[in-house]
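Peer 1: First, the structure itself, so that you have it in front of you.
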Amino acid sequence: LTFQTGTTAGTLTFTLNFADGTQYTKSVDITPSPVQITSSSGIRQSPYLVIDLTGYDNTYSAGTLAFNFYDTNGKLLTPGGVSADAASAFHQYFFTGNKAGGTFVLEAKFPVTGDVSGIGSADVTVTNSSGTSSKVQLHF
């Protein structure tokens with residue numbers, strides 16, 4: 001038998017009932033894990049940078065988004081990292097009429113003062129109750 005668990009942490013219990021009346025039960029724990037980012041992209045849309053993320057959070061507790069931006073030579077741009085507390089928005093998404101489980105699509109739009117073509121890349125992480133996602137590197 002093959003079974004796909006979806007995107008929610010917890011315990012799955014499978015019970016098989018056989019024709020002879022015997023029963024077999026097996027439980028499988030899906031452990032909470034940091035947010036998994038499954039795809040990402042970044043584009044220059046002057047005067048903005050637009051970052052799109054697709055991923056899942058099996059704890060339904062995503063919160064802090066952290067972004068770093070780099071020039072075309074790979075040097076970190078000042079003032080350094082940009083972070084946002086998105087816990088309220090994620091909570092509303094996950095717990096208000098959500099039919100997608102722990103999956104999400106996010107678009108972050110950053111206004112740029114000056115020449116947007118001078119920004120070459122960015123990285124992003126998302127933190128939930130189980131930790132911080134792997135850093136995703138984007139190129140513009």
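All residue names refer to the structure tokens as shown: chains lettered A, B, ... in order, residues numbered from 1 in each chain, ligands numbered from 1 in order.
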What's the 8 Å shell around range 71-77 of chain A, counting only C-alpha atoms, without same-chain residues fewer than 3 positions away, as number ranges by chain?
Peer 2: A: 68, 80, 118-121
Peer 1: Restricting the output to C-alpha atoms, write the selected residues as a CSV table (one decimal), in the first residue's frame.
Peer 2:
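Below you can see selection12.csv, which holds the result:
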```
chain,number,residue,atom,x,y,z
A,68,ASN,CA,19.0,39.7,2.8
A,80,GLY,CA,21.5,44.5,6.1
A,118,GLY,CA,22.0,47.1,-9.0
A,119,ILE,CA,20.5,44.3,-6.9
A,120,GLY,CA,21.7,40.9,-8.1
A,121,SER,CA,20.4,38.4,-5.5
```
Peer 1: With only C-alpha atoms counted and 9 Å as the cut-off, give the residues of range 9-80 of chain A in contact with range 90-103 of chain A, each with its shortest interatomic distance in Å and the pair that gives it, as a Markdown table.
Peer 2:
```
| residue | atom | partner | partner_atom | distance |
| --- | --- | --- | --- | --- |
| A:Thr54 | CA | A:Thr103 | CA | 7.5 |
| A:Gly55 | CA | A:Thr103 | CA | 5.6 |
| A:Tyr56 | CA | A:Thr103 | CA | 4.0 |
| A:Asp57 | CA | A:Gly102 | CA | 4.9 |
| A:Asn58 | CA | A:Gly102 | CA | 5.3 |
| A:Thr59 | CA | A:Gly102 | CA | 7.5 |
| A:Tyr60 | CA | A:Gly102 | CA | 6.0 |
| A:Ser61 | CA | A:His91 | CA | 6.8 |
| A:Ala62 | CA | A:Phe90 | CA | 6.2 |
| A:Gly63 | CA | A:Phe90 | CA | 6.9 |
```
Peer 1: For C-alpha atoms, I'd like the residues from the last selection saved as a compact mmCIF listing (two decimals), in the first residue's frame.
Peer 2:
```txt
# COMPACT_ATOMS: atom_id res chain seq x y z
CA THR A 54 5.94 28.19 -2.41
CA GLY A 55 6.30 25.84 0.50
CA TYR A 56 4.70 24.07 3.40
CA ASP A 57 4.67 24.28 7.17
CA ASN A 58 3.56 21.08 8.88
CA THR A 59 3.27 22.92 12.24
CA TYR A 60 1.00 25.72 10.93
CA SER A 61 3.14 28.15 12.94
CA ALA A 62 5.23 30.08 10.38
CA GLY A 63 6.17 33.51 11.62
```
Peer 1: Find, counting only C-alpha atoms, the residue in A:Gly131, A:Val105, A:Phe14, A:Phe67 that gets nearest to Leu1 in chain A.
Peer 2: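 Result for the nearest residue to Leu1 in chain A: A:Phe14.
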Peer 1: With a distance cut-off of 10 Å and only C-alpha atoms, select the neighbouring residues of Gly10 in chain A, excluding the residue or stretch itself and same-chain residues fewer than 6 positions from it, and output the selection as a ChimeraX atom specification.
Peer 2: /A:28-32,58-59
Peer 1: Give the alpha helix (DSSP H) residues of chain A, as assigned by DSSP on the backbone, as a PyMOL selection string.
Peer 2: chain A and resi 87-95
Peer 1: Give the answer as one residue: which of A:Thr13, A:Thr2, A:Tyr70, A:His139 has the shortest atom-to-atom distance to Val50 in chain A, using only C-alpha atoms?
Peer 2: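 Of A:Thr13, A:Thr2, A:Tyr70, A:His139, the one nearest Val50 in chain A is A:His139, counting only C-alpha atoms.
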Peer 1: Work out how far CA of Leu53 in chain A is from CA of Thr38 in chain A, in Å to one decimal.
Peer 2: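 Going from CA of Thr38 in chain A over to CA of Leu53 in chain A covers 7.7 Å.
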Peer 1: When distances are computed from only C-alpha atoms, which of A:Gln23, A:Gln45, A:Ser129, A:Thr8 shows the smallest separation from Val112 in chain A?
Peer 2: A:Gln45
